[in-house]
>>> print(open('structure_0.tsv').read())   # TSV, C-alpha atoms
chain	number	residue	atom	x	y	z
A	1	MET	CA	-35.34	-7.56	66.00
A	2	LYS	CA	-32.06	-7.16	64.10
A	3	GLU	CA	-30.53	-10.36	62.82
A	4	ARG	CA	-27.04	-11.11	64.00
A	5	SER	CA	-24.43	-11.60	61.33
A	6	HIS	CA	-22.26	-14.64	61.51
A	7	PRO	CA	-18.52	-14.23	61.61
A	8	GLY	CA	-16.82	-14.93	58.27
A	9	VAL	CA	-20.00	-14.51	56.24
A	10	SER	CA	-20.07	-11.58	53.84
A	11	ALA	CA	-22.97	-9.19	53.55
A	12	GLY	CA	-25.67	-10.30	51.12
A	13	ALA	CA	-25.09	-14.00	51.79
A	14	THR	CA	-27.84	-16.08	53.31
A	15	VAL	CA	-27.43	-18.62	56.04
A	16	GLU	CA	-29.70	-21.58	56.58
A	17	LYS	CA	-30.66	-22.30	60.13
A	18	ALA	CA	-28.47	-24.89	61.67
A	19	THR	CA	-30.03	-28.19	62.51
A	20	PRO	CA	-28.64	-30.70	64.97
A	21	GLY	CA	-25.75	-32.60	63.33
A	22	ARG	CA	-25.70	-30.37	60.21
A	23	LYS	CA	-23.41	-27.44	59.41
A	24	PRO	CA	-24.83	-24.19	58.02
A	25	ILE	CA	-24.79	-24.03	54.19
A	26	VAL	CA	-23.62	-20.71	52.76
A	27	LYS	CA	-24.93	-19.87	49.26
A	28	LYS	CA	-22.88	-17.27	47.44
A	29	LYS	CA	-24.91	-14.85	45.43
A	30	HIS	CA	-24.27	-14.83	41.64
A	31	ARG	CA	-21.63	-17.58	41.89
A	32	TRP	CA	-22.93	-19.23	38.70
A	33	LEU	CA	-22.72	-15.92	36.86
A	34	ARG	CA	-19.07	-15.73	37.77
A	35	GLY	CA	-18.48	-19.19	36.34
A	36	VAL	CA	-20.27	-18.35	33.09
A	37	GLY	CA	-18.29	-15.14	32.78
A	38	ILE	CA	-15.00	-16.97	33.23
A	39	PHE	CA	-16.04	-19.54	30.62
A	40	LEU	CA	-16.99	-16.84	28.11
A	41	LEU	CA	-13.74	-14.97	28.71
A	42	LEU	CA	-11.86	-18.22	28.11
A	43	ILE	CA	-13.72	-18.76	24.82
A	44	VAL	CA	-13.02	-15.18	23.73
A	45	ALA	CA	-9.34	-15.56	24.62
A	46	LEU	CA	-9.04	-18.82	22.72
A	47	GLY	CA	-10.87	-17.26	19.75
A	48	GLY	CA	-8.51	-14.31	19.78
A	49	VAL	CA	-5.45	-16.55	19.85
A	50	ALA	CA	-6.89	-18.71	17.05
A	51	ARG	CA	-7.71	-15.63	15.00
A	52	VAL	CA	-4.11	-14.45	15.29
A	53	LEU	CA	-2.37	-17.78	14.69
A	54	LEU	CA	-4.72	-19.63	12.29
A	55	PRO	CA	-4.37	-17.41	9.17
A	56	SER	CA	-0.60	-17.84	8.92
A	57	GLN	CA	-0.80	-21.59	9.62
A	58	LEU	CA	-3.65	-22.02	7.12
A	59	ARG	CA	-1.73	-20.07	4.50
A	60	LYS	CA	1.25	-22.42	4.85
A	61	TYR	CA	-1.01	-25.47	4.72
A	62	VAL	CA	-2.93	-24.28	1.63
A	63	ASN	CA	0.30	-23.43	-0.20
A	64	ARG	CA	1.69	-26.89	0.57
A	65	THR	CA	-1.55	-28.54	-0.60
A	66	LEU	CA	-1.63	-26.61	-3.88
A	67	ASP	CA	2.06	-27.22	-4.49
A	68	ARG	CA	2.01	-31.02	-4.24
A	69	ASN	CA	1.30	-31.67	-7.92
A	70	GLN	CA	4.27	-32.06	-10.25
A	71	LEU	CA	2.48	-30.47	-13.23
A	72	TYR	CA	1.00	-27.38	-11.56
A	73	GLU	CA	2.08	-25.02	-8.83
A	74	GLY	CA	-0.17	-22.87	-6.69
A	75	ARG	CA	0.23	-19.67	-4.74
A	76	ILE	CA	-2.22	-17.66	-2.65
A	77	GLY	CA	-2.44	-14.29	-0.93
A	78	ASP	CA	-3.96	-13.54	2.46
A	79	VAL	CA	-6.12	-15.97	4.43
A	80	GLN	CA	-9.01	-14.78	6.61
A	81	VAL	CA	-10.64	-16.92	9.29
A	82	HIS	CA	-14.36	-16.44	10.13
A	83	LEU	CA	-14.83	-18.47	13.31
A	84	TRP	CA	-18.39	-17.26	13.89
A	85	ARG	CA	-19.61	-19.00	10.71
A	86	GLY	CA	-17.11	-21.85	10.55
A	87	ALA	CA	-15.34	-20.61	7.43
A	88	TYR	CA	-12.11	-19.31	6.00
A	89	SER	CA	-11.34	-17.34	2.84
A	90	ILE	CA	-8.34	-17.59	0.52
A	91	HIS	CA	-7.49	-14.47	-1.49
A	92	ASP	CA	-5.64	-14.10	-4.81
A	93	VAL	CA	-5.44	-17.77	-5.76
A	94	LYS	CA	-3.24	-18.60	-8.74
A	95	ILE	CA	-2.51	-22.07	-10.16
A	96	SER	CA	-0.02	-22.21	-13.04
A	97	GLN	CA	1.59	-24.88	-15.16
A	98	ARG	CA	5.16	-25.67	-14.15
A	99	THR	CA	6.44	-26.75	-17.57
A	100	GLY	CA	6.53	-24.83	-20.84
A	101	ASN	CA	6.01	-21.15	-21.40
A	102	VAL	CA	2.28	-20.56	-20.86
A	103	PRO	CA	1.70	-16.84	-20.27
A	104	VAL	CA	-1.60	-17.24	-18.40
A	105	PRO	CA	-2.42	-19.27	-15.27
A	106	LEU	CA	-4.71	-22.28	-15.45
A	107	LEU	CA	-6.82	-20.73	-12.68
A	108	ALA	CA	-6.84	-17.34	-11.04
A	109	ALA	CA	-9.49	-16.38	-8.52
A	110	LYS	CA	-10.05	-13.26	-6.48
A	111	GLN	CA	-11.32	-15.26	-3.51
A	112	ILE	CA	-12.26	-18.83	-2.56
A	113	ASP	CA	-14.40	-19.29	0.50
A	114	PHE	CA	-14.83	-22.59	2.41
A	115	ALA	CA	-17.67	-22.67	4.94
A	116	VAL	CA	-19.95	-25.00	6.87
A	117	GLN	CA	-23.33	-25.26	5.12
A	118	TRP	CA	-25.56	-24.44	8.08
A	119	ASN	CA	-28.89	-25.24	6.40
A	120	ALA	CA	-27.71	-28.84	5.98
A	121	LEU	CA	-27.90	-29.25	9.76
A	122	ILE	CA	-31.69	-29.42	9.37
A	123	HIS	CA	-31.11	-32.77	7.64
A	124	GLY	CA	-28.69	-33.91	10.35
A	125	ARG	CA	-25.54	-33.59	8.24
A	126	ILE	CA	-22.38	-31.53	8.68
A	127	VAL	CA	-21.13	-30.68	5.20
A	128	GLY	CA	-19.32	-27.82	3.53
A	129	GLN	CA	-19.82	-25.30	0.76
A	130	PHE	CA	-17.23	-23.46	-1.28
A	131	THR	CA	-17.64	-20.25	-3.22
A	132	MET	CA	-15.33	-18.90	-5.93
A	133	GLN	CA	-15.46	-15.20	-6.68
A	134	GLU	CA	-14.35	-13.94	-10.09
A	135	PRO	CA	-12.40	-17.04	-11.15
A	136	GLU	CA	-10.67	-17.08	-14.54
A	137	LEU	CA	-10.00	-20.44	-16.18
A	138	ASN	CA	-7.61	-20.60	-19.15
A	139	PHE	CA	-7.29	-23.50	-21.59
A	140	VAL	CA	-4.44	-23.09	-24.07
A	141	ALA	CA	-3.99	-25.00	-27.35
A	142	SER	CA	-0.56	-25.46	-28.91
A	143	SER	CA	1.21	-27.88	-31.24
A	144	ASP	CA	3.93	-28.08	-28.58
A	145	GLN	CA	2.56	-30.17	-25.71
A	146	ASN	CA	4.72	-28.28	-23.22
A	147	GLU	CA	2.96	-25.06	-24.15
A	148	ALA	CA	-0.57	-26.53	-24.13
A	149	GLN	CA	-2.67	-26.17	-20.98
A	150	THR	CA	-5.68	-28.40	-20.36
A	151	GLY	CA	-5.72	-28.93	-16.59
A	152	SER	CA	-5.60	-32.70	-17.00
A	153	GLY	CA	-3.34	-34.93	-14.94
A	154	ALA	CA	-3.98	-33.30	-11.57
A	155	PRO	CA	-6.28	-34.58	-8.77
A	156	TRP	CA	-8.27	-31.37	-8.40
A	157	LEU	CA	-11.15	-32.97	-6.48
A	158	GLN	CA	-8.70	-34.38	-3.95
A	159	VAL	CA	-7.12	-30.95	-3.56
A	160	ILE	CA	-10.53	-29.49	-2.68
A	161	ARG	CA	-11.15	-32.30	-0.19
A	162	ASP	CA	-7.78	-31.63	1.46
A	163	LEU	CA	-8.56	-27.94	1.87
A	164	PHE	CA	-11.70	-28.46	3.99
A	165	PRO	CA	-12.31	-30.97	6.80
A	166	PHE	CA	-15.95	-31.69	5.84
A	167	LYS	CA	-17.39	-33.22	2.69
A	168	ILE	CA	-18.30	-30.56	0.12
A	169	ASN	CA	-22.04	-30.57	-0.59
A	170	SER	CA	-22.47	-27.46	-2.72
A	171	ALA	CA	-20.44	-25.00	-4.76
A	172	ILE	CA	-21.07	-21.51	-6.09
A	173	ILE	CA	-19.20	-19.67	-8.84
A	174	GLN	CA	-19.72	-15.93	-9.13
A	175	GLU	CA	-18.83	-13.72	-12.09
A	176	GLY	CA	-16.23	-16.05	-13.54
A	177	SER	CA	-14.77	-16.38	-17.03
A	178	VAL	CA	-13.58	-19.30	-19.17
A	179	HIS	CA	-11.09	-18.79	-22.04
A	180	PHE	CA	-9.91	-20.97	-24.90
A	181	ARG	CA	-6.66	-19.46	-26.18
A	182	ALA	CA	-4.06	-20.16	-28.84
A	183	PHE	CA	-1.00	-17.89	-28.71
A	184	LYS	CA	1.11	-19.45	-31.48
A	185	SER	CA	-1.36	-18.97	-34.35
A	186	ASP	CA	-1.10	-16.21	-36.97
A	187	LYS	CA	-3.80	-14.35	-35.08
A	188	PRO	CA	-3.96	-15.08	-31.34
A	189	VAL	CA	-7.23	-16.84	-30.51
A	190	ASP	CA	-9.31	-15.98	-27.47
A	191	VAL	CA	-12.81	-17.46	-27.39
A	192	TYR	CA	-14.38	-16.87	-23.99
A	193	LEU	CA	-17.38	-16.90	-21.70
A	194	SER	CA	-17.80	-14.02	-19.27
A	195	HIS	CA	-20.25	-13.34	-16.42
A	196	PHE	CA	-20.13	-17.05	-15.69
A	197	ASN	CA	-22.35	-17.92	-12.71
A	198	ALA	CA	-23.00	-21.48	-11.56
A	199	THR	CA	-24.36	-23.51	-8.66
A	200	ILE	CA	-23.78	-27.17	-7.79
A	201	ASP	CA	-26.17	-28.48	-5.16
A	202	ASN	CA	-26.68	-31.68	-3.12
A	203	LEU	CA	-23.39	-33.43	-3.91
A	204	SER	CA	-23.74	-35.47	-0.72
A	205	ASN	CA	-27.48	-36.21	-1.12
A	206	ILE	CA	-28.23	-34.78	2.32
A	207	ARG	CA	-31.95	-34.95	1.53
A	208	ASP	CA	-31.77	-38.76	1.00
A	209	GLU	CA	-33.48	-38.56	-2.38
A	210	THR	CA	-34.21	-41.87	-4.11
A	211	ASN	CA	-33.67	-40.52	-7.63
A	212	PRO	CA	-30.07	-41.50	-8.57
A	213	LEU	CA	-29.44	-38.18	-10.37
A	214	VAL	CA	-29.58	-36.17	-7.15
A	215	THR	CA	-26.98	-33.49	-7.81
A	216	LYS	CA	-28.10	-30.48	-9.83
A	217	VAL	CA	-25.82	-28.13	-11.76
A	218	GLN	CA	-27.02	-24.87	-13.28
A	219	ALA	CA	-24.90	-22.27	-15.04
A	220	SER	CA	-25.31	-19.23	-17.23
A	221	ALA	CA	-22.79	-17.08	-19.09
A	222	VAL	CA	-22.35	-14.57	-21.87
A	223	ALA	CA	-20.36	-15.77	-24.89
A	224	MET	CA	-17.98	-13.20	-26.41
A	225	ASP	CA	-19.71	-10.42	-24.44
A	226	GLN	CA	-22.82	-10.83	-26.57
A	227	ALA	CA	-24.68	-14.19	-26.67
A	228	LYS	CA	-26.48	-16.01	-23.86
A	229	LEU	CA	-25.43	-19.51	-22.81
A	230	ASP	CA	-27.39	-21.80	-20.47
A	231	TYR	CA	-26.12	-25.05	-18.95
A	232	LYS	CA	-28.09	-27.58	-16.90
A	233	MET	CA	-27.08	-30.97	-15.58
A	234	THR	CA	-28.21	-33.69	-13.16
A	235	LEU	CA	-25.76	-36.36	-12.05
A	236	ASP	CA	-25.18	-39.26	-9.68
A	237	PRO	CA	-22.15	-38.34	-7.53
A	238	PHE	CA	-21.95	-41.85	-6.06
A	239	SER	CA	-21.75	-43.76	-9.34
A	240	TYR	CA	-18.42	-45.49	-10.00
A	241	ARG	CA	-18.74	-44.57	-13.69
A	242	PRO	CA	-20.14	-41.24	-14.94
A	243	THR	CA	-23.94	-41.15	-14.79
A	244	PHE	CA	-25.54	-37.86	-15.78
A	245	HIS	CA	-27.82	-35.95	-18.12
A	246	MET	CA	-26.62	-32.64	-19.54
A	247	ALA	CA	-28.13	-29.92	-21.72
A	248	VAL	CA	-26.47	-26.80	-23.17
A	249	ARG	CA	-27.96	-24.02	-25.28
A	250	LEU	CA	-26.28	-21.01	-26.90
A	251	LEU	CA	-28.40	-18.45	-28.74
A	252	GLY	CA	-27.61	-15.67	-31.20
A	253	LEU	CA	-23.80	-15.47	-31.31
A	254	ASP	CA	-22.42	-13.09	-33.94
A	255	VAL	CA	-20.19	-15.43	-35.98
A	256	THR	CA	-17.76	-12.67	-36.94
A	257	LYS	CA	-16.56	-12.76	-33.32
A	258	LEU	CA	-15.21	-16.26	-34.09
A	259	ASN	CA	-13.13	-15.26	-37.12
A	260	ASP	CA	-9.75	-15.72	-35.42
A	261	LEU	CA	-10.80	-19.24	-34.42
A	262	ALA	CA	-12.21	-20.02	-37.90
A	263	LEU	CA	-9.08	-18.76	-39.68
A	264	THR	CA	-6.74	-20.69	-37.37
A	265	TYR	CA	-8.51	-24.05	-37.52
A	266	GLY	CA	-10.75	-23.84	-40.61
A	267	LYS	CA	-8.81	-21.51	-42.95
A	268	PHE	CA	-11.89	-19.39	-43.66
A	269	ASP	CA	-13.70	-16.48	-42.05
A	270	PHE	CA	-17.28	-15.26	-41.68
A	271	LYS	CA	-18.67	-12.18	-43.35
A	272	ARG	CA	-21.91	-12.21	-41.35
A	273	GLY	CA	-24.30	-14.55	-39.59
A	274	TRP	CA	-25.67	-15.77	-36.27
A	275	PHE	CA	-24.85	-19.02	-34.50
A	276	ASP	CA	-27.07	-21.16	-32.25
A	277	LEU	CA	-25.89	-24.34	-30.53
A	278	VAL	CA	-27.64	-27.09	-28.61
A	279	ILE	CA	-25.81	-30.00	-26.95
A	280	GLU	CA	-27.46	-32.83	-25.08
A	281	ALA	CA	-25.78	-35.89	-23.55
A	282	ASP	CA	-27.01	-38.79	-21.44
A	283	SER	CA	-24.59	-41.11	-19.64
A	284	LYS	CA	-25.45	-44.38	-17.91
A	285	GLU	CA	-22.55	-46.13	-16.14
A	286	GLY	CA	-19.98	-44.46	-18.39
A	287	GLN	CA	-21.78	-45.09	-21.71
A	288	VAL	CA	-22.57	-41.71	-23.23
A	289	THR	CA	-25.00	-40.94	-26.05
A	290	GLY	CA	-25.94	-37.51	-27.29
A	291	TYR	CA	-25.90	-35.00	-30.08
A	292	VAL	CA	-24.52	-31.62	-31.06
A	293	LYS	CA	-26.81	-29.32	-33.05
A	294	PRO	CA	-24.99	-26.34	-34.68
A	295	LEU	CA	-27.23	-23.88	-36.53
A	296	PHE	CA	-26.12	-20.89	-38.66
A	297	ARG	CA	-28.61	-18.21	-39.68
A	298	ASN	CA	-28.23	-15.46	-42.27
A	299	LEU	CA	-24.78	-16.88	-42.95
A	300	LYS	CA	-22.29	-15.50	-45.47
A	301	ILE	CA	-18.80	-16.99	-45.80
A	302	PHE	CA	-17.68	-16.02	-49.31
A	303	SER	CA	-17.61	-12.54	-50.79
A	304	LEU	CA	-15.93	-12.16	-54.19
A	305	LYS	CA	-15.29	-8.48	-53.57
A	306	GLU	CA	-13.59	-9.09	-50.20
A	307	ASP	CA	-11.91	-12.48	-50.80
A	308	ILE	CA	-10.43	-11.71	-54.23
A	309	SER	CA	-7.76	-9.68	-52.46
A	310	GLU	CA	-6.53	-12.77	-50.58
A	311	ASP	CA	-2.85	-13.55	-51.24
A	312	ASN	CA	-3.45	-17.27	-50.66
A	313	VAL	CA	-5.11	-18.74	-53.78
A	314	LEU	CA	-5.91	-22.03	-52.05
A	315	GLN	CA	-7.67	-20.21	-49.23
A	316	PHE	CA	-9.67	-18.20	-51.81
A	317	PHE	CA	-10.99	-21.36	-53.47
A	318	TRP	CA	-11.57	-23.07	-50.14
A	319	GLN	CA	-13.55	-20.04	-48.95
A	320	ALA	CA	-15.57	-20.09	-52.18
A	321	LEU	CA	-16.29	-23.82	-51.77
A	322	MET	CA	-17.42	-23.36	-48.16
A	323	GLY	CA	-19.62	-20.43	-49.11
A	324	GLY	CA	-21.17	-22.35	-52.02
A	325	LEU	CA	-21.94	-25.47	-49.97
A	326	THR	CA	-23.55	-23.57	-47.10
A	327	THR	CA	-25.67	-21.60	-49.58
A	328	VAL	CA	-26.87	-24.62	-51.58
A	329	LEU	CA	-27.58	-26.72	-48.48
A	330	LYS	CA	-29.34	-24.10	-46.41
A	331	ASN	CA	-33.03	-23.93	-45.59
A	332	PHE	CA	-34.16	-20.95	-47.68
A	333	HIS	CA	-37.38	-20.43	-45.74
A	334	ARG	CA	-35.45	-19.79	-42.52
A	335	ASP	CA	-32.15	-18.81	-44.16
A	336	GLN	CA	-30.43	-21.44	-42.01
A	337	PHE	CA	-27.63	-23.94	-42.49
A	338	GLY	CA	-27.42	-26.61	-39.83
A	339	THR	CA	-27.38	-30.24	-38.84
A	340	LEU	CA	-27.63	-32.62	-35.91
A	341	ILE	CA	-24.49	-34.65	-35.13
A	342	PRO	CA	-25.16	-37.78	-33.04
A	343	PHE	CA	-22.25	-39.15	-31.01
A	344	THR	CA	-21.37	-41.93	-28.57
A	345	ALA	CA	-18.56	-42.14	-26.05
A	346	ASP	CA	-17.41	-44.26	-23.13
A	347	ALA	CA	-15.49	-43.85	-19.89
A	348	SER	CA	-12.19	-44.70	-21.58
A	349	GLY	CA	-12.39	-41.47	-23.59
A	350	SER	CA	-13.11	-42.92	-27.05
A	351	THR	CA	-15.71	-40.97	-29.04
A	352	SER	CA	-17.40	-41.73	-32.35
A	353	THR	CA	-19.83	-39.78	-34.53
A	354	ASP	CA	-22.27	-41.00	-37.15
A	355	ILE	CA	-21.08	-39.30	-40.36
A	356	LEU	CA	-23.91	-40.61	-42.54
A	357	ALA	CA	-26.51	-39.43	-40.03
A	358	THR	CA	-24.83	-36.02	-39.90
A	359	ILE	CA	-24.98	-35.65	-43.70
A	360	GLY	CA	-28.58	-36.87	-43.71
A	361	ASN	CA	-29.48	-34.27	-41.08
A	362	ILE	CA	-27.90	-31.51	-43.20
A	363	LEU	CA	-30.27	-32.53	-46.02
A	364	ARG	CA	-33.20	-32.79	-43.61
A	365	ASN	CA	-32.58	-29.25	-42.32
A	366	ALA	CA	-32.27	-27.94	-45.90
A	367	PHE	CA	-35.14	-29.68	-47.69
A	368	VAL	CA	-37.51	-31.24	-45.13
A	369	ARG	CA	-37.77	-29.21	-41.94
A	370	ALA	CA	-35.37	-26.77	-40.34
A	371	TYR	CA	-34.01	-27.57	-36.92
A	372	LEU	CA	-34.70	-25.21	-34.07
A	373	PRO	CA	-32.34	-24.50	-31.16
A	374	ARG	CA	-34.27	-26.63	-28.70
A	375	LEU	CA	-33.78	-29.98	-26.96
A	376	GLU	CA	-34.71	-33.04	-28.99
A	377	THR	CA	-35.18	-35.80	-26.39
A	378	THR	CA	-37.68	-36.43	-23.61
A	379	GLU	CA	-34.98	-37.38	-21.09
A	380	ALA	CA	-34.11	-33.73	-20.53
A	381	GLU	CA	-37.70	-32.88	-19.58
A	382	ASP	CA	-37.86	-35.95	-17.32
A	383	GLN	CA	-34.79	-34.69	-15.48
A	384	GLY	CA	-36.10	-31.11	-15.30
A	385	LEU	CA	-33.48	-29.78	-17.72
A	386	TYR	CA	-35.83	-28.14	-20.18
A	387	PHE	CA	-35.30	-24.45	-20.90
A	388	GLU	CA	-38.10	-22.09	-20.03
A	389	ALA	CA	-40.48	-21.65	-22.97
A	390	PRO	CA	-41.34	-17.93	-22.58
A	391	SER	CA	-37.73	-16.73	-22.51
A	392	PHE	CA	-36.88	-19.23	-25.22
A	393	THR	CA	-39.57	-17.80	-27.54
A	394	GLU	CA	-38.41	-14.27	-26.80
A	395	GLU	CA	-34.83	-15.21	-27.70
A	396	LEU	CA	-35.95	-16.75	-30.99
A	397	THR	CA	-38.08	-13.75	-31.90
A	398	SER	CA	-35.38	-11.24	-31.08
A	399	SER	CA	-32.80	-13.16	-33.10
A	400	GLY	CA	-35.01	-13.39	-36.18
A	401	VAL	CA	-36.10	-17.04	-35.95
A	402	GLU	CA	-39.77	-17.90	-36.06
A	403	SER	CA	-41.05	-20.09	-33.26
A	404	GLN	CA	-42.40	-23.47	-34.21
>>> encode(input="structure_0.tsv", output="structure tokens")
Amino acid sequence: MKERSHPGVSAGATVEKATPGRKPIVKKKHRWLRGVGIFLLLIVALGGVARVLLPSQLRKYVNRTLDRNQLYEGRIGDVQVHLWRGAYSIHDVKISQRTGNVPVPLLAAKQIDFAVQWNALIHGRIVGQFTMQEPELNFVASSDQNEAQTGSGAPWLQVIRDLFPFKINSAIIQEGSVHFRAFKSDKPVDVYLSHFNATIDNLSNIRDETNPLVTKVQASAVAMDQAKLDYKMTLDPFSYRPTFHMAVRLLGLDVTKLNDLALTYGKFDFKRGWFDLVIEADSKEGQVTGYVKPLFRNLKIFSLKEDISEDNVLQFFWQALMGGLTTVLKNFHRDQFGTLIPFTADASGSTSTDILATIGNILRNAFVRAYLPRLETTEAEDQGLYFEAPSFTEELTSSGVESQ
């Protein structure tokens, strides 16, 4: 028998049988799908509006944030918003010194990206990550303080905090460069690191590690387009005073690439040689101890044939003295002049070096046992800052130093 349709009820709807004292309940088919669709359309509409309006508003906000400091001014290019990953990107960042006549910006970056660090959600924390692509950092030395550029005097960490609503937990630097310049010298100085890549991880200790030095920093670069530099550091980001352990190693730099620097600040130049450098520092509550270990191999500073043509007689004799000292005090077995310079420092910025120990270490390198470009203390190994032995041996072999 054909069922009778009820007036006012559309086709496809079902009607429950009426019971005494109860009205029929009409269930609309796919009603919940309609609600979900409306909700999704609303989200898409809001996302579209935000995508149109947010970039211009963010650009104004970032420019105001960078422009607050009285010493430095900042300008940026376009801003892109990536709602799907909780991020936004700033293009063509440039921060320059307001005073003086410094021809290069303190910082220029192709792009800076701020994003939510999604893998931190596993640990129940909402934190951020920022990435800098192709940044260039310029430090400028000058006798005129208005034309020197060091980056000091500005709250850079606070600027980063103001640019992102969440606490920054990690940072990545890709293909950057760092320059030390002097424009007012007889020969303009430009000592630089290129292909600078670095990571800073666990600034917020999202893993709840008990070791106080929870944050890890690793970096690598190429010095003067030729020598390899490695940098490793562990630190306590929650300490009121600096608490960290740091290790740096540079291997096989051609010293002739530093001649502009040597002539400007040392009044001599290099004829040939290779330079290795190791720096290690340990800080506990702002009290820093460490050493710098400079090593020169196959070094030649003075050449009578080349230096006799110098117009400056004082520079000729100074060059001869430097060449004579480095020859007499070198380790002949390894053809190496070097020393280990111990130093101490504190949070106030005062630094002192042990001159007698430095001289004693020159003699030790020359007549007892030559230093090698490796870490000297056990603290670095305890903190996981040691440099890998296989690659280290390969570097020594390729640069003409025997492993020990």
>>> residues_around(input="structure_0.tsv", residues="Asp269 (chain A)", least_positions_apart="6", cutoff="8 Å", atoms="all atoms listed in the file", output="list in words")
Thr256, Asn259, Asp260, Ala262, Leu263, Ile301 and Gln319 of chain A
>>> residues_near_point(input="structure_0.tsv", point="(-17.5, -25.2, 1.6)", cutoff="9 Å", atoms="only C-alpha atoms", output="ChimeraX atom specification")
/A:87,113-117,127-131,164,166-171
>>> residues_near_point(input="structure_0.tsv", point="(-28.4, -18.0, -29.4)", cutoff="10 Å", atoms="only C-alpha atoms", output="compact mmCIF listing (two decimals) with C-alpha atoms, in the frame of the given file")
# COMPACT_ATOMS: atom_id res chain seq x y z
CA ALA A 223 -20.36 -15.77 -24.89
CA GLN A 226 -22.82 -10.83 -26.57
CA ALA A 227 -24.68 -14.19 -26.67
CA LYS A 228 -26.48 -16.01 -23.86
CA LEU A 229 -25.43 -19.51 -22.81
CA ASP A 230 -27.39 -21.80 -20.47
CA ARG A 249 -27.96 -24.02 -25.28
CA LEU A 250 -26.28 -21.01 -26.90
CA LEU A 251 -28.40 -18.45 -28.74
CA GLY A 252 -27.61 -15.67 -31.20
CA LEU A 253 -23.80 -15.47 -31.31
CA ASP A 254 -22.42 -13.09 -33.94
CA TRP A 274 -25.67 -15.77 -36.27
CA PHE A 275 -24.85 -19.02 -34.50
CA ASP A 276 -27.07 -21.16 -32.25
CA LEU A 277 -25.89 -24.34 -30.53
CA VAL A 278 -27.64 -27.09 -28.61
CA LEU A 295 -27.23 -23.88 -36.53
CA PHE A 296 -26.12 -20.89 -38.66
CA PRO A 373 -32.34 -24.50 -31.16
CA PHE A 392 -36.88 -19.23 -25.22
CA GLU A 395 -34.83 -15.21 -27.70
CA LEU A 396 -35.95 -16.75 -30.99
CA SER A 398 -35.38 -11.24 -31.08
CA SER A 399 -32.80 -13.16 -33.10
>>> closest_residue(input="structure_0.tsv", among="A:Val368, A:Ala120, A:Ile126, A:Val288", to="Ser352 (chain A)", atoms="all atoms listed in the file")
A:Val288
>>> closest_atom_pairs(input="structure_0.tsv", of="region 44-114 of chain A", to="region 132-151 of chain A", cutoff="7 Å", atoms="only C-alpha atoms", output="tab-separated table")
residue	atom	partner	partner_atom	distance
A:Thr99	CA	A:Asn146	CA	6.1
A:Gly100	CA	A:Asn146	CA	4.6
A:Asn101	CA	A:Glu147	CA	5.7
A:Val102	CA	A:Glu147	CA	5.6
A:Val104	CA	A:Asn138	CA	6.9
A:Pro105	CA	A:Asn138	CA	6.6
A:Leu106	CA	A:Asn138	CA	5.0
A:Leu107	CA	A:Leu137	CA	4.7
A:Ala108	CA	A:Glu136	CA	5.2
A:Ala109	CA	A:Pro135	CA	4.0
A:Lys110	CA	A:Glu134	CA	5.7
A:Gln111	CA	A:Gln133	CA	5.2
A:Ile112	CA	A:Met132	CA	4.6
A:Asp113	CA	A:Met132	CA	6.5
>>> atom_distance(input="structure_0.tsv", atom1="CA of Thr358 (chain A)", atom2="CA of Ile341 (chain A)")
5.0 Å
>>> residues_around(input="structure_0.tsv", residues="Asn331 (chain A)", least_positions_apart="3", cutoff="12 Å", atoms="all atoms listed in the file", output="NGL selection string")
:A and (295-299 or 326-328 or 334-339 or 361-372)
>>> residues_around(input="structure_0.tsv", residues="Arg207 (chain A)", least_positions_apart="5", cutoff="12 Å", atoms="only C-alpha atoms", output="PDB file with C-alpha atoms, in the coordinates of the input")
ATOM      1  CA  ASN A 119     -28.890 -25.240   6.400  1.00  0.00           C
ATOM      2  CA  ALA A 120     -27.710 -28.840   5.980  1.00  0.00           C
ATOM      3  CA  LEU A 121     -27.900 -29.250   9.760  1.00  0.00           C
ATOM      4  CA  ILE A 122     -31.690 -29.420   9.370  1.00  0.00           C
ATOM      5  CA  HIS A 123     -31.110 -32.770   7.640  1.00  0.00           C
ATOM      6  CA  GLY A 124     -28.690 -33.910  10.350  1.00  0.00           C
ATOM      7  CA  ARG A 125     -25.540 -33.590   8.240  1.00  0.00           C
ATOM      8  CA  ASN A 169     -22.040 -30.570  -0.590  1.00  0.00           C
ATOM      9  CA  ASP A 201     -26.170 -28.480  -5.160  1.00  0.00           C
ATOM     10  CA  ASN A 202     -26.680 -31.680  -3.120  1.00  0.00           C
ATOM     11  CA  VAL A 214     -29.580 -36.170  -7.150  1.00  0.00           C
ATOM     12  CA  THR A 215     -26.980 -33.490  -7.810  1.00  0.00           C
TER      13      THR A 215
END
>>> residues_around(input="structure_0.tsv", residues="Val217 (chain A)", least_positions_apart="3", cutoff="9 Å", atoms="all atoms listed in the file", output="ChimeraX atom specification")
/A:198-201,231-235
>>> closest_residue(input="structure_0.tsv", among="A:Tyr72, A:Phe302, A:Phe332, A:Phe268", to="Pro155 (chain A)", atoms="only C-alpha atoms")
A:Tyr72
>>> residues_around(input="structure_0.tsv", residues="Ala320 (chain A)", least_positions_apart="5", cutoff="12 Å", atoms="all atoms listed in the file", output="VMD selection string")
chain A and resid 267 to 270 300 to 308 310 313 to 315 325 to 327
>>> closest_residue(input="structure_0.tsv", among="A:Asp67, A:Arg59, A:Ile279, A:Asn205", to="Asp92 (chain A)", atoms="all atoms listed in the file")
A:Arg59
>>> closest_residue(input="structure_0.tsv", among="A:Gln287, A:Gln174, A:Ser89, A:Thr377", to="Ser350 (chain A)", atoms="all atoms listed in the file")
A:Gln287
